[in-house]
>>> print(open('target.txt').read())   # compact mmCIF, C-alpha atoms
# COMPACT_ATOMS: atom_id res chain seq x y z
CA MET A 34 -5.22 36.79 11.55
CA ASP A 35 -2.82 36.70 8.61
CA MET A 36 0.14 34.36 8.47
CA GLY A 37 2.87 33.79 5.96
CA GLU A 38 2.42 36.87 3.76
CA THR A 39 4.57 36.72 0.63
CA HIS A 40 4.59 38.39 -2.77
CA TRP A 41 2.53 35.41 -4.04
CA GLY A 42 -0.20 35.86 -1.46
CA GLU A 43 -0.88 35.00 2.15
CA ALA A 44 -2.23 32.24 4.35
CA ARG A 45 -5.11 33.51 6.46
CA TRP A 46 -6.77 32.03 9.50
CA ASP A 47 -9.98 30.32 8.36
CA ALA A 48 -12.63 30.38 11.09
CA GLY A 49 -14.82 27.94 9.14
CA LYS A 50 -12.08 25.34 8.84
CA ALA A 51 -11.14 25.77 12.49
CA ALA A 52 -14.74 25.35 13.64
CA ARG A 53 -15.25 22.29 11.43
CA TRP A 54 -12.03 20.67 12.70
CA THR A 55 -12.96 21.40 16.33
CA LEU A 56 -16.51 20.07 16.04
CA LEU A 57 -15.42 16.90 14.23
CA HIS A 58 -12.82 16.07 16.87
CA ALA A 59 -15.09 16.93 19.78
CA GLY A 60 -17.88 14.83 18.27
CA ALA A 61 -15.50 11.93 17.57
CA ILE A 62 -14.15 11.92 21.12
CA ALA A 63 -17.57 12.19 22.75
CA GLY A 64 -19.25 9.73 20.39
CA CYS A 65 -16.59 7.03 20.53
CA ALA A 66 -16.28 7.33 24.31
CA THR A 67 -20.03 6.87 24.67
CA PHE A 68 -20.79 4.31 21.97
CA HIS A 69 -18.52 1.41 21.15
CA SER A 70 -18.80 -1.93 19.42
CA TRP A 71 -16.41 -4.07 17.42
CA SER A 72 -18.77 -3.90 14.47
CA ALA A 73 -18.42 -0.08 14.60
CA VAL A 74 -14.63 -0.42 14.57
CA SER A 75 -14.95 -2.65 11.50
CA VAL A 76 -17.16 -0.08 9.78
CA PHE A 77 -14.56 2.60 10.54
CA ALA A 78 -11.77 0.49 9.05
CA VAL A 79 -13.68 -0.53 5.92
CA LEU A 80 -14.94 2.96 5.12
CA THR A 81 -11.50 4.49 5.73
CA VAL A 82 -9.83 2.06 3.34
CA LEU A 83 -12.52 2.47 0.67
CA THR A 84 -12.64 6.26 0.75
CA MET A 85 -8.88 6.83 1.01
CA GLY A 86 -7.77 3.96 -1.26
CA PRO A 87 -9.97 3.55 -4.35
CA GLY A 88 -11.40 6.99 -3.59
CA VAL A 89 -8.69 9.57 -2.85
CA SER A 90 -5.42 7.83 -3.75
CA VAL A 91 -6.56 5.98 -6.88
CA GLY A 92 -9.67 7.74 -8.14
CA ILE A 93 -8.86 11.39 -7.43
CA HIS A 94 -5.07 11.67 -7.11
CA ARG A 95 -3.71 9.12 -9.58
CA GLY A 96 -6.72 9.06 -11.89
CA LEU A 97 -8.43 12.44 -12.16
CA ILE A 98 -5.55 14.74 -11.21
CA HIS A 99 -2.56 12.99 -12.81
CA ARG A 100 -4.40 10.97 -15.47
CA ALA A 101 -2.20 7.98 -14.73
CA PHE A 102 -4.90 5.75 -16.23
CA ARG A 103 -8.09 6.10 -18.20
CA ALA A 104 -11.59 5.00 -17.29
CA SER A 105 -15.15 5.58 -18.38
CA ARG A 106 -16.86 8.62 -16.92
CA THR A 107 -19.13 6.31 -14.89
CA VAL A 108 -16.12 4.67 -13.23
CA GLU A 109 -14.49 8.06 -12.67
CA ARG A 110 -17.63 9.32 -10.97
CA TRP A 111 -17.93 6.29 -8.70
CA LEU A 112 -14.28 6.51 -7.65
CA GLY A 113 -14.52 10.29 -7.27
CA THR A 114 -17.60 10.00 -5.08
CA LEU A 115 -15.80 7.54 -2.81
CA GLY A 116 -12.94 10.02 -2.56
CA VAL A 117 -15.20 12.96 -1.70
CA LEU A 118 -16.75 10.87 1.09
CA ALA A 119 -13.29 10.93 2.74
CA GLY A 120 -14.14 14.51 3.74
CA LEU A 121 -11.00 16.19 2.40
CA GLY A 122 -12.83 18.30 -0.17
CA GLY A 123 -14.43 18.11 -3.57
CA ILE A 124 -12.70 16.88 -6.71
CA ILE A 125 -12.48 20.34 -8.26
CA GLY A 126 -11.21 21.94 -5.06
CA MET A 127 -8.62 19.21 -4.47
CA SER A 128 -7.45 19.51 -8.07
CA ARG A 129 -7.10 23.28 -7.69
CA MET A 130 -5.10 23.00 -4.47
CA HIS A 131 -2.92 20.29 -5.98
CA ALA A 132 -2.10 22.63 -8.89
CA LEU A 133 -1.22 25.44 -6.46
CA ARG A 134 1.07 23.19 -4.44
CA ASP A 135 2.80 21.87 -7.55
CA PHE A 136 3.29 25.39 -8.86
CA HIS A 137 4.97 26.67 -5.70
CA GLN A 138 6.92 23.53 -4.87
CA ASN A 139 8.49 23.64 -8.33
CA GLN A 140 9.81 27.16 -7.67
CA PRO A 141 13.24 27.72 -6.06
CA GLU A 142 13.12 27.07 -2.34
CA ALA A 143 13.67 30.73 -1.44
CA ASP A 144 10.60 31.68 -3.49
CA CYS A 145 8.23 29.01 -2.13
CA PRO A 146 5.78 30.38 0.48
CA PRO A 147 5.88 28.59 3.86
CA TYR A 148 2.28 27.51 3.30
CA PHE A 149 3.44 25.20 0.49
CA GLY A 150 6.87 24.36 1.89
CA TYR A 151 7.87 22.63 5.08
CA ARG A 152 10.74 24.74 6.34
CA GLU A 153 9.11 25.84 9.59
CA GLY A 154 8.38 22.48 11.15
CA PHE A 155 5.55 20.09 11.83
CA THR A 156 3.29 22.33 13.91
CA ARG A 157 3.28 25.15 11.37
CA ALA A 158 2.66 22.79 8.46
CA MET A 159 -0.30 21.10 10.17
CA ALA A 160 -1.80 24.42 11.27
CA ASP A 161 -1.51 25.74 7.71
CA ALA A 162 -3.21 22.68 6.25
CA LEU A 163 -6.00 22.34 8.81
CA LEU A 164 -6.69 25.88 10.01
CA ARG A 165 -5.63 28.34 7.31
CA THR A 166 -6.53 29.04 3.69
CA TRP A 167 -4.28 30.38 0.94
CA HIS A 168 -5.29 33.69 -0.66
CA PRO A 169 -3.26 34.43 -3.80
CA ARG A 170 -2.52 37.95 -4.96
CA ASP A 171 -2.97 36.95 -8.58
CA ALA A 172 -4.83 33.70 -9.22
CA SER A 173 -4.13 33.95 -12.95
CA VAL A 174 -0.53 32.76 -12.46
CA TYR A 175 -1.76 29.28 -11.55
CA PRO A 176 -2.69 26.62 -14.09
CA PRO A 177 -6.46 26.20 -14.40
CA VAL A 178 -8.33 23.11 -13.27
CA ASP A 179 -8.85 20.61 -16.06
CA ALA A 180 -11.98 21.79 -17.90
CA ASP A 181 -13.12 18.18 -18.14
CA LEU A 182 -13.42 18.14 -14.35
CA ALA A 183 -14.58 21.71 -13.80
CA THR A 184 -17.56 21.36 -16.16
CA ASP A 185 -18.74 17.89 -15.19
CA PRO A 186 -22.24 18.19 -13.63
CA TRP A 187 -21.70 15.40 -11.09
CA PHE A 188 -18.33 16.72 -9.94
CA ARG A 189 -19.84 20.18 -9.58
CA PHE A 190 -22.65 18.71 -7.47
CA LEU A 191 -20.11 16.95 -5.22
CA GLU A 192 -18.24 20.25 -4.86
CA ARG A 193 -21.37 22.04 -3.67
CA ALA A 194 -22.50 19.23 -1.39
CA GLY A 195 -19.24 19.00 0.57
CA LEU A 196 -19.63 17.48 4.03
CA TRP A 197 -23.40 17.31 3.61
CA LEU A 198 -22.72 14.08 1.71
CA GLN A 199 -22.01 12.52 5.10
CA VAL A 200 -25.66 12.97 6.15
CA PRO A 201 -27.22 10.22 3.98
CA LEU A 202 -24.29 7.96 4.84
CA ALA A 203 -24.83 8.65 8.55
CA LEU A 204 -28.56 7.89 8.23
CA VAL A 205 -27.83 4.53 6.62
CA LEU A 206 -25.24 3.68 9.27
CA TYR A 207 -27.62 4.69 12.07
CA ALA A 208 -30.43 2.56 10.62
CA VAL A 209 -28.19 -0.51 10.45
CA GLY A 210 -25.85 -0.18 13.42
CA GLY A 211 -27.13 2.60 15.64
CA PRO A 212 -25.20 5.59 17.04
CA ALA A 213 -21.95 3.63 17.44
CA TRP A 214 -21.69 3.15 13.68
CA VAL A 215 -22.23 6.89 13.15
CA ALA A 216 -19.65 7.86 15.76
CA TRP A 217 -16.98 5.54 14.39
CA GLY A 218 -17.97 5.40 10.73
CA VAL A 219 -18.47 9.14 10.24
CA LEU A 220 -17.13 11.36 13.03
CA LEU A 221 -13.97 9.49 13.98
CA ARG A 222 -13.23 8.56 10.36
CA LEU A 223 -13.48 12.18 9.18
CA ALA A 224 -11.35 13.49 12.06
CA LEU A 225 -8.55 10.95 11.65
CA THR A 226 -8.66 11.17 7.85
CA GLN A 227 -7.96 14.90 7.94
CA ASP A 228 -5.16 14.62 10.50
CA GLY A 229 -3.66 11.51 8.95
CA PHE A 230 -3.72 12.81 5.39
CA TRP A 231 -1.78 15.96 6.23
CA PHE A 232 0.56 14.10 8.60
CA VAL A 233 1.55 11.73 5.79
CA HIS A 234 1.84 14.68 3.43
CA TYR A 235 4.25 16.44 5.79
CA VAL A 236 6.42 13.43 6.62
CA SER A 237 6.74 12.34 2.99
CA HIS A 238 8.26 15.74 2.17
CA VAL A 239 10.82 15.91 4.97
CA GLU A 240 11.82 12.38 6.06
CA GLY A 241 12.99 9.32 4.17
CA GLU A 242 15.02 8.15 1.22
CA ARG A 243 15.58 10.26 -1.86
CA PRO A 244 16.64 8.24 -4.93
CA TYR A 245 15.82 11.22 -7.17
CA VAL A 246 16.72 14.88 -6.85
CA MET A 247 15.17 17.86 -8.64
CA PRO A 248 17.69 20.72 -8.54
CA GLY A 249 16.17 24.17 -8.36
CA THR A 250 12.86 23.08 -6.83
CA ALA A 251 11.60 23.78 -3.32
CA GLU A 252 10.30 20.26 -2.68
CA GLU A 253 11.39 16.89 -4.04
CA GLY A 254 9.44 14.56 -1.78
CA ARG A 255 10.84 11.69 0.26
CA ASN A 256 10.18 7.96 0.32
CA ALA A 257 8.82 7.38 3.82
CA GLY A 258 8.56 3.60 3.66
CA TRP A 259 7.25 3.14 7.20
CA LEU A 260 4.04 4.91 6.13
CA ALA A 261 3.61 2.97 2.88
CA LEU A 262 0.75 0.71 3.94
CA VAL A 263 -1.23 3.20 6.00
CA SER A 264 -0.90 5.84 3.23
CA LEU A 265 -1.94 3.36 0.51
CA GLY A 266 1.45 3.89 -1.19
CA GLU A 267 1.29 7.70 -1.25
CA SER A 268 4.33 8.00 1.03
CA TRP A 269 6.65 6.88 -1.80
CA HIS A 270 6.57 10.56 -2.57
CA ASN A 271 10.03 11.07 -4.03
CA ASN A 272 9.15 8.44 -6.61
CA HIS A 273 5.93 10.35 -7.28
CA HIS A 274 7.76 13.64 -7.77
CA ALA A 275 10.08 11.92 -10.25
CA TYR A 276 7.24 10.20 -12.16
CA PRO A 277 4.11 12.27 -11.39
CA GLY A 278 2.12 10.63 -14.18
CA SER A 279 2.70 7.08 -12.95
CA ALA A 280 -0.10 5.01 -11.43
CA ARG A 281 2.58 3.08 -9.55
CA MET A 282 4.38 4.89 -6.72
CA GLY A 283 6.16 1.97 -5.05
CA PHE A 284 8.90 0.53 -7.26
CA GLY A 285 9.49 -3.17 -6.72
CA TRP A 286 8.31 -5.61 -4.08
CA ARG A 287 10.30 -3.84 -1.34
CA GLN A 288 8.09 -0.78 -1.80
CA PRO A 289 4.51 -1.93 -1.10
CA ASP A 290 1.90 0.22 -2.81
CA PRO A 291 -1.71 -0.74 -2.01
CA GLY A 292 -2.97 1.99 -4.34
CA TRP A 293 -1.13 0.33 -7.21
CA TRP A 294 -2.58 -3.04 -6.23
CA CYS A 295 -6.03 -1.46 -6.47
CA VAL A 296 -5.25 -0.07 -9.93
CA ARG A 297 -4.15 -3.55 -11.07
CA VAL A 298 -7.40 -5.07 -9.81
CA LEU A 299 -9.43 -2.42 -11.63
CA ALA A 300 -7.40 -3.03 -14.80
CA THR A 301 -7.91 -6.80 -14.52
CA LEU A 302 -11.67 -6.19 -14.24
CA GLY A 303 -11.52 -4.00 -17.34
CA LEU A 304 -12.60 -0.88 -15.45
CA VAL A 305 -9.44 1.13 -16.19
CA HIS A 306 -7.02 1.07 -19.11
CA ASP A 307 -3.98 2.88 -20.54
CA VAL A 308 -2.27 2.52 -17.16
CA LYS A 309 1.02 4.46 -17.00
CA THR A 310 4.04 3.26 -15.03
CA PRO A 311 7.73 4.22 -14.83
CA ASP A 312 8.41 1.54 -17.45
CA THR A 313 6.41 3.56 -19.99
CA LEU A 314 7.16 7.12 -18.82
CA PRO A 315 10.27 9.31 -19.03
CA LEU A 316 11.85 10.65 -15.89
CA ARG A 317 10.48 14.08 -15.03
CA PRO A 318 12.44 16.79 -16.92
CA GLY A 319 15.27 18.16 -14.80
CA ALA A 320 15.27 15.26 -12.34
CA LEU A 321 18.38 13.26 -11.51
CA ALA A 322 18.46 9.58 -10.66
CA VAL A 323 20.97 9.34 -7.83
CA THR A 324 23.24 6.29 -7.99
CA ALA A 325 25.03 6.47 -4.65
CA PRO A 326 26.20 9.09 -2.16
CA GLY A 327 29.21 10.95 -3.52
CA GLN A 328 28.91 9.53 -7.02
CA LYS A 329 28.00 11.55 -10.09
CA ALA A 330 24.32 11.56 -10.90
CA GLN A 331 23.31 10.96 -14.48
CA PRO A 332 21.42 14.01 -15.82
CA THR A 333 18.32 13.83 -17.90
CA GLU A 334 18.47 15.49 -21.30
CA SER A 335 16.82 18.69 -20.08
CA ALA A 336 18.95 18.92 -16.96
CA SER A 337 22.19 18.40 -18.89
CA ARG A 338 21.60 21.67 -20.72
CA SER A 339 21.60 23.72 -17.51
CA ARG A 340 24.55 25.78 -16.30
CA THR A 341 24.39 24.25 -12.84
CA ASP A 342 27.87 23.29 -11.62
CA HIS A 343 26.60 21.26 -8.68
CA CYS A 344 23.44 20.40 -6.88
CA LEU A 345 23.02 20.19 -3.16
CA ILE A 346 20.98 17.51 -1.51
CA ARG A 347 19.48 19.50 1.32
CA LEU A 348 19.74 18.46 4.92
CA PRO A 349 16.90 16.29 6.19
CA ARG A 350 14.49 18.32 8.30
CA ARG A 351 13.34 16.40 11.35
CA LEU A 352 9.73 16.19 12.41
CA CYS A 353 10.42 18.74 15.13
CA GLY A 354 12.17 21.03 12.67
CA PHE A 355 15.61 20.52 14.27
CA SER A 356 18.63 18.35 13.56
CA SER A 357 21.63 18.04 15.84
CA PRO A 358 25.04 19.02 14.41
CA SER A 359 26.18 15.39 14.42
CA VAL A 360 23.09 14.26 12.51
CA MET A 361 23.44 17.12 10.07
CA ALA A 362 27.09 16.30 9.45
CA ARG A 363 26.27 12.65 8.93
CA ASP A 364 23.32 13.19 6.62
CA SER A 365 24.59 16.00 4.40
CA TYR A 366 26.52 15.33 1.24
CA PHE A 367 27.03 16.78 -2.21
CA ILE A 368 26.61 15.21 -5.57
CA GLN A 369 29.21 16.61 -7.91
CA SER A 370 27.51 17.33 -11.20
CA TRP A 371 28.53 18.35 -14.64
CA ARG A 372 29.43 21.48 -16.58
CA ALA A 373 27.52 22.41 -19.67
CA SER A 374 30.76 22.95 -21.53
CA ALA A 375 31.85 19.36 -20.98
CA PRO A 376 30.51 16.49 -23.07
CA SER A 377 27.31 15.34 -21.47
CA PRO A 378 27.15 11.56 -21.01
CA ALA A 379 24.17 9.64 -22.29
CA CYS A 380 21.56 9.19 -19.69
CA THR A 381 21.69 5.70 -18.26
CA ALA A 382 19.10 6.20 -15.56
CA SER A 383 16.61 3.36 -15.47
CA PRO A 384 12.93 4.03 -14.72
CA LEU A 385 13.50 1.81 -11.69
CA PRO A 386 16.79 3.00 -10.14
CA ARG A 387 19.55 0.49 -9.54
CA MET A 388 20.59 2.21 -6.34
CA ALA A 389 18.64 4.27 -3.87
CA VAL A 390 19.87 6.90 -1.45
CA TYR A 391 19.41 6.10 2.21
CA PRO A 392 20.53 9.20 4.16
CA THR A 393 20.91 7.34 7.46
CA ARG A 394 21.74 3.84 6.18
CA LYS A 395 24.03 2.13 3.74
CA VAL A 396 22.99 2.15 0.12
CA ALA A 397 21.33 -1.06 -0.96
CA PRO A 398 20.29 -2.22 -4.44
CA THR A 399 16.68 -1.96 -5.52
CA PRO A 400 15.62 -4.88 -7.76
CA HIS A 401 13.91 -4.27 -11.07
>>> encode(input="target.txt", output="structure tokens")
Amino acid sequence: MDMGETHWGEARWDAGKAARWTLLHAGAIAGCATFHSWSAVSVFAVLTVLTMGPGVSVGIHRGLIHRAFRASRTVERWLGTLGVLAGLGGIIGMSRMHALRDFHQNQPEADCPPYFGYREGFTRAMADALLRTWHPRDASVYPPVDADLATDPWFRFLERAGLWLQVPLALVLYAVGGPAWVAWGVLLRLALTQDGFWFVHYVSHVEGERPYVMPGTAEEGRNAGWLALVSLGESWHNNHHAYPGSARMGFGWRQPDPGWWCVRVLATLGLVHDVKTPDTLPLRPGALAVTAPGQKAQPTESASRSRTDHCLIRLPRRLCGFSSPSVMARDSYFIQSWRASAPSPACTASPLPRMAVYPTRKVAPTPH
């Protein structure tokens, strides 16, 4: 079954992904209902934090994909292996999909396929992520995976191994803690990791604060603070869109970022270096740091050269894909921008914004 056909390609039903998702969830439900112990719950919690924190968020996403810090190849391989054990895919495959999503989400909204956008609601977005696969018409339009990753022998081995890497882990867990440790430490962890990862990904693109806007792009990300701890800081996604090369996604103590705390620990131990933060990076070209609702946003140098007369902050899209007229009227507002013919003011936007936009609350200052 084909879904979401566009001139870029189409999202097709993937029987393999559907079968894998079904078996994992059925096994998790049956295993956890049959075998239970508090030690198994602890194993589930520890392995989830290790694989999703130092593994996916820090090692793969911030480190290998965005190069927000540098590390020796040994450290990169250890962190990458932890991330692959999360069960979301190999390093090369995740890097490729990340490049595809970035490519399409940086296109105008009307040109972004539903598979990479979030215009059709929660159910469609989750089904796309978990049960369908994107098939491009012309793969050459996408940026290639970093050759340093694509040619690394260990990363290529991890790519081929896939979920089979769970087998030796399951054998160790069974030898130490019996079937309960396997049910909770492998089956339930893999099932909830897949669902949770894409749930956070969806919410952090449709709900939350937006201190930065990126006119002309399909997705700008949102800062979903209520998911900050469980997502290891990844839900500060509007910050991430504004500073994609930053190892720090939560700005200030009011934006907790466990992934950043992990990077700081690794840096203190001397395992990573050349750590990039918003203090050392420019704002993403074309992005605007919003000062307050209704006030003029200060353009970056690249944005000030555009012919855009205004930019629209799009209406928040609720988790169910619907907003009532009263909510839409309350949440929508325009930021009057500039004209290219007028003198462009010097950019005064700070890497850490002085004010943040809260669509449903009053604007409050964010400390440096």
>>> closest_residue(input="target.txt", among="A:His238, A:Arg281, A:Arg95, A:Arg189", to="A:Ala158", atoms="only C-alpha atoms")
A:His238
>>> residues_around(input="target.txt", residues="A:Val91", least_positions_apart="2", cutoff="12 Å", atoms="all atoms listed in the file", output="ChimeraX atom specification")
/A:82-89,93-104,108-109,111-116,264-267,279-282,290-299,305,308
>>> residues_around(input="target.txt", residues="A:Val74", least_positions_apart="6", cutoff="12 Å", atoms="only C-alpha atoms", output="mmCIF file with C-alpha atoms, in the coordinates of the input")
data_model
loop_
_atom_site.group_PDB
_atom_site.id
_atom_site.type_symbol
_atom_site.label_atom_id
_atom_site.label_comp_id
_atom_site.auth_asym_id
_atom_site.auth_seq_id
_atom_site.Cartn_x
_atom_site.Cartn_y
_atom_site.Cartn_z
ATOM 1 C CA CYS A 65 -16.590 7.030 20.530
ATOM 2 C CA PHE A 68 -20.790 4.310 21.970
ATOM 3 C CA LEU A 80 -14.940 2.960 5.120
ATOM 4 C CA THR A 81 -11.500 4.490 5.730
ATOM 5 C CA GLY A 210 -25.850 -0.180 13.420
ATOM 6 C CA ALA A 213 -21.950 3.630 17.440
ATOM 7 C CA TRP A 214 -21.690 3.150 13.680
ATOM 8 C CA VAL A 215 -22.230 6.890 13.150
ATOM 9 C CA ALA A 216 -19.650 7.860 15.760
ATOM 10 C CA TRP A 217 -16.980 5.540 14.390
ATOM 11 C CA GLY A 218 -17.970 5.400 10.730
ATOM 12 C CA VAL A 219 -18.470 9.140 10.240
ATOM 13 C CA LEU A 221 -13.970 9.490 13.980
ATOM 14 C CA ARG A 222 -13.230 8.560 10.360
#
>>> atom_distance(input="target.txt", atom1="atom CA of A:Arg165", atom2="atom CA of A:Tyr148")
8.9 Å
>>> closest_residue(input="target.txt", among="A:His306, A:His274, A:His40, A:His168", to="A:Ala251", atoms="all atoms listed in the file")
A:His274
>>> residues_around(input="target.txt", residues="A:Leu225", least_positions_apart="5", cutoff="9 Å", atoms="only C-alpha atoms", output="VMD selection string")
chain A and resid 58 220 230
>>> atom_distance(input="target.txt", atom1="atom CA of A:Trp46", atom2="atom CA of A:Ala162")
10.5 Å
>>> closest_residue(input="target.txt", among="A:Pro176, A:Thr226, A:Asp161, A:Gly195", to="A:Pro147", atoms="all atoms listed in the file")
A:Asp161
>>> atom_distance(input="target.txt", atom1="atom CA of A:Phe190", atom2="atom CA of A:Leu121")
15.5 Å
>>> closest_residue(input="target.txt", among="A:Gly258, A:Gly283, A:Gly122, A:Gly64", to="A:Gly211", atoms="all atoms listed in the file")
A:Gly64
>>> closest_residue(input="target.txt", among="A:Tyr235, A:Trp187, A:Tyr207, A:Phe284", to="A:Arg157", atoms="only C-alpha atoms")
A:Tyr235
>>> closest_residue(input="target.txt", among="A:Val117, A:Ala180, A:Leu223, A:Ala44", to="A:Pro146", atoms="only C-alpha atoms")
A:Ala44
>>> residues_near_point(input="target.txt", point="(15.8, 14.7, -10.2)", cutoff="6 Å", atoms="all atoms listed in the file", output="PyMOL selection string")
chain A and resi 245-247+319-322
>>> residues_around(input="target.txt", residues="A:Tyr151", least_positions_apart="3", cutoff="12 Å", atoms="all atoms listed in the file", output="PyMOL selection string")
chain A and resi 134+137-138+142-143+145-148+154-162+231-232+234-240+251-254+349-354
